[in-house]
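Beneath this line is the structure, given in structure tokens, with notes to follow.
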Amino acid sequence: MATGNYVTGGPKAALGNSSGASEREDLANYISMITRDDTPFVSSIGKNKTDAILHEWQTDELRPAAANTNAEGVDYADLTQSQVFRTRLGNYTQIFAEAISVSNTKRKVNQAGIADEFAYQLKKVGTEMRRDLEHTLVHSWQAKNGSGTRTMGGVQSYASDALVWDAVAGDFAVNAGKFTGAFAGNGTFGAAQATADVEVAIDLTDIDEVQQAVYENGGKSTRVMVSPKNRRKISEQAQLAGSNVRREIGAGGKLRQSVDIYESDFGEVMIVPNYIMGTGGVVGAGPLEATVSPDNFCAICYDPMWFNVTTLRPMQETDVGQKGDSTIGMLVEECTFEAKNPKGFGLIINIGA
């Protein structure tokens, strides 16, 4: 903002204290927002509606294939019934809310890049809340909770021990020891880990292991979502000597060495970076849900068809009105997360080195 005494300028005045008194300020009529606003996971999955704070669904599967031999004229009483029963899963709705307060003077003055400060803040807060939902689903390690302040369980809380690959142990959580019983696949976490984690760099074989396990359980993952750091690590792994992957140089001399699609033995998977998965702290000892958003710790191997954001109340402005000489309001959304069948996706954990 231009400041100073209102004095007469002149050629030599620029050398004194009154320099710039006659100059107009040049403030561009826009605001440059640098923070990322995309939500890679939420944008990739489906949408649904719910009519209750506890949203439930059923899962089912076929019994394992087996030799089925019977004598001619076999009697019903001689047959063995081997039935797999359906299971019911659920998740609680979580309320996302943010307050907005703008003075009426601020709404009235002529501001660069803004027609109405309240409308601008409304849009900005709405974008922040969408990022909060993304964080809750892929990065908060949050378990479902229906008492007190309700919370929805995120992706990791619906993972199954048999489909969580521990990159440090080189085995699935069901066998690895440290995380045995931690991933219950029902929206909550089970056993706590005894010590803080040691992480290793993600390897293509880690993806192969999860791809195979998901395939054997009847699913098929088409995406691997990772932090930006792990996205680079995957590309580095593909370029290692002896990997049978070569850098691509196009006709225009463009060098391409990133891996966007990895063709595994069980189908092609897109390697998708998610910046929110690269923020936060570390995984310490204790229950997984008590961790502080571990950065770079996890990769999600999934197909979008297995997930939904299920909405009870879509995002809307609650018009609070005037408070003194300010306009105040709220943005509120209530929704939950639906993991249709936990055997349809897997995780890679203990990565990020």
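If you're wondering about the labels, chains in the structure tokens are A, B, ... by order shown, residues count from 1 in each chain, ligands from 1 in order shown.
All residues of protein, DNA or RNA that reach within 7 Å of segment 172-184 of chain A, judged by only C-alpha atoms and not counting those fewer than 4 positions away in the chain, are Ser157, Tyr158, Ala159, Ser160, Asp161, Ala162, Leu163, Val164, Trp165, Asp166, Thr188, Phe189, Gly190, Ala191, Ala192 and Gln193 of chain A.
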Export of the given selection (N, CA and C atoms) as a compact mmCIF listing (two decimals), in the first residue's frame:
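File selection.txt, as written:
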# COMPACT_ATOMS: atom_id res chain seq x y z
N SER A 157 -8.11 -48.94 7.99
CA SER A 157 -8.85 -49.66 9.03
C SER A 157 -9.69 -50.79 8.46
N TYR A 158 -9.93 -50.80 7.15
CA TYR A 158 -10.68 -51.88 6.52
C TYR A 158 -9.78 -52.91 5.84
N ALA A 159 -8.48 -52.73 5.93
CA ALA A 159 -7.54 -53.68 5.32
C ALA A 159 -7.51 -54.97 6.13
N SER A 160 -7.20 -56.04 5.45
CA SER A 160 -7.14 -57.36 6.08
C SER A 160 -5.70 -57.78 6.27
N ASP A 161 -5.41 -58.43 7.40
CA ASP A 161 -4.04 -58.90 7.69
C ASP A 161 -3.42 -59.68 6.53
N ALA A 162 -4.23 -60.47 5.86
CA ALA A 162 -3.72 -61.33 4.80
C ALA A 162 -3.37 -60.57 3.53
N LEU A 163 -3.76 -59.28 3.46
CA LEU A 163 -3.51 -58.48 2.26
C LEU A 163 -2.68 -57.23 2.57
N VAL A 164 -2.06 -57.20 3.73
CA VAL A 164 -1.18 -56.08 4.10
C VAL A 164 0.26 -56.60 4.07
N TRP A 165 1.02 -56.11 3.13
CA TRP A 165 2.40 -56.56 2.93
C TRP A 165 3.36 -55.68 3.72
N ASP A 166 4.11 -56.28 4.64
CA ASP A 166 5.10 -55.58 5.44
C ASP A 166 6.43 -55.62 4.67
N THR A 188 -11.87 -51.13 12.18
CA THR A 188 -11.10 -50.85 13.39
C THR A 188 -9.73 -51.51 13.27
N PHE A 189 -8.83 -51.14 14.16
CA PHE A 189 -7.52 -51.76 14.22
C PHE A 189 -7.47 -52.70 15.42
N GLY A 190 -6.66 -53.76 15.30
CA GLY A 190 -6.58 -54.74 16.36
C GLY A 190 -5.37 -54.54 17.24
N ALA A 191 -4.44 -55.48 17.16
CA ALA A 191 -3.28 -55.48 18.06
C ALA A 191 -2.39 -54.27 17.82
N ALA A 192 -1.75 -53.82 18.90
CA ALA A 192 -0.79 -52.72 18.82
C ALA A 192 0.59 -53.27 18.50
N GLN A 193 1.43 -52.43 17.95
CA GLN A 193 2.81 -52.84 17.69
C GLN A 193 3.69 -52.43 18.86
Exercise. Out of segment 50-294 of chain A, which residues get alpha helix (DSSP H) from DSSP, as number ranges by chain?
Worked result: A: 104-108, 117-138, 173-176, 204-216, 228-238
Residue selection dump (C-alpha atoms) as a short mmCIF file (atom, residue, chain, number, x, y, z; two decimals), in the first residue's frame:
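In the end it all went to selection-v7.cif:
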data_model
loop_
_atom_site.label_atom_id
_atom_site.label_comp_id
_atom_site.auth_asym_id
_atom_site.auth_seq_id
_atom_site.Cartn_x
_atom_site.Cartn_y
_atom_site.Cartn_z
CA ASN A 104 -19.13 -6.15 6.74
CA THR A 105 -16.52 -3.49 6.04
CA LYS A 106 -14.33 -6.13 4.43
CA ARG A 107 -17.20 -7.19 2.22
CA LYS A 108 -17.82 -3.64 1.07
CA GLU A 117 -14.65 -11.60 0.78
CA PHE A 118 -17.33 -13.86 2.30
CA ALA A 119 -17.87 -15.73 -0.96
CA TYR A 120 -14.12 -16.10 -1.41
CA GLN A 121 -13.67 -17.53 2.09
CA LEU A 122 -16.64 -19.84 1.54
CA LYS A 123 -15.01 -21.35 -1.53
CA LYS A 124 -11.61 -21.59 0.16
CA VAL A 125 -12.98 -23.32 3.25
CA GLY A 126 -14.95 -25.75 1.10
CA THR A 127 -11.74 -26.76 -0.68
CA GLU A 128 -9.99 -27.22 2.66
CA MET A 129 -12.76 -29.51 3.87
CA ARG A 130 -12.47 -31.67 0.77
CA ARG A 131 -8.78 -32.07 1.57
CA ASP A 132 -9.72 -32.99 5.14
CA LEU A 133 -11.90 -35.82 3.79
CA GLU A 134 -9.01 -37.04 1.63
CA HIS A 135 -6.71 -36.96 4.65
CA THR A 136 -9.22 -38.88 6.77
CA LEU A 137 -9.57 -41.65 4.21
CA VAL A 138 -5.98 -42.29 3.15
CA ALA A 173 0.96 -58.97 8.32
CA VAL A 174 -0.82 -62.22 9.08
CA ASN A 175 2.61 -63.90 9.20
CA ALA A 176 5.03 -61.05 9.86
CA LEU A 204 8.36 -53.53 -7.48
CA THR A 205 8.24 -56.97 -5.87
CA ASP A 206 6.19 -55.45 -3.03
CA ILE A 207 3.55 -54.48 -5.58
CA ASP A 208 3.72 -57.94 -7.15
CA GLU A 209 3.10 -59.63 -3.79
CA VAL A 210 -0.03 -57.60 -3.08
CA GLN A 211 -1.28 -57.92 -6.66
CA GLN A 212 -1.04 -61.69 -6.42
CA ALA A 213 -2.71 -61.86 -3.01
CA VAL A 214 -5.60 -59.64 -4.10
CA TYR A 215 -6.01 -61.70 -7.27
CA GLU A 216 -6.07 -64.96 -5.32
CA PRO A 228 5.30 -38.32 -4.07
CA LYS A 229 8.49 -39.72 -2.56
CA ASN A 230 7.41 -43.32 -3.09
CA ARG A 231 6.24 -42.42 -6.61
CA ARG A 232 9.84 -41.48 -7.42
CA LYS A 233 11.16 -44.61 -5.72
CA ILE A 234 9.02 -46.79 -7.98
CA SER A 235 10.42 -45.05 -11.05
CA GLU A 236 13.94 -45.47 -9.69
CA GLN A 237 13.36 -49.18 -9.12
CA ALA A 238 12.22 -49.61 -12.69
#
For this session: Enumerate, as number ranges by chain, the complete set of residues in segment 82-172 of chain A that a backbone-based DSSP assignment places in strand (DSSP E or B).
Result: A: 87-92, 94-103, 111, 114, 145, 151, 160, 164-166, 171-172
Exercise. For Gly90 of chain A, which residue out of A:Thr59, A:Thr291, A:Asn217, A:Thr279 is the nearest one, using only C-alpha atoms?
Worked result: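 The answer is A:Thr59, which sits nearest to Gly90 of chain A.
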For this session: Identify which of the residues A:Gly329, A:Gly278, A:Gly185, A:Gly346 lies closest to Ser293 of chain A, counting only C-alpha atoms when measuring atom-to-atom distances.
Result: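 So, comparing all the options, the nearest one is A:Gly278.
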Report as JSON lines: every residue of segment 175-225 of chain A with an atom at most 6 Å from segment 264-277 of chain A, its closest pair of atoms, and their distance in Å to one decimal, counting only C-alpha atoms, with rows sorted by chain and ascending residue number.
{"residue": "A:Thr222", "atom": "CA", "partner": "A:Val269", "partner_atom": "CA", "distance": 4.4}
{"residue": "A:Arg223", "atom": "CA", "partner": "A:Met270", "partner_atom": "CA", "distance": 4.6}
{"residue": "A:Val224", "atom": "CA", "partner": "A:Ile271", "partner_atom": "CA", "distance": 5.0}
{"residue": "A:Met225", "atom": "CA", "partner": "A:Val272", "partner_atom": "CA", "distance": 4.7}
Save out the residues we just selected, C-alpha atoms, as a CSV table (one decimal), in the first residue's frame.
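out_7.csv was written with the following content:
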chain,number,residue,atom,x,y,z
A,222,THR,CA,-5.8,-51.4,-10.9
A,223,ARG,CA,-4.1,-48.5,-9.0
A,224,VAL,CA,-1.2,-48.1,-6.6
A,225,MET,CA,-1.6,-44.9,-4.7
For this session: Name the residues in contact with Leu89 of chain A at a cut-off of 12 Å, using only C-alpha atoms, excluding same-chain residues fewer than 2 positions from it; report them as an MDAnalysis selection string.
Result: chainID A and resid 54:60 86:87 91:92 144 153 157:158 184:188 337:342
Exercise. Which residues come within 12 Å of Pro64 of chain A, counting only C-alpha atoms, excluding same-chain residues fewer than 3 positions away, as a PyMOL selection string?
Worked result: chain A and resi 61+67-68+82-84+216-218
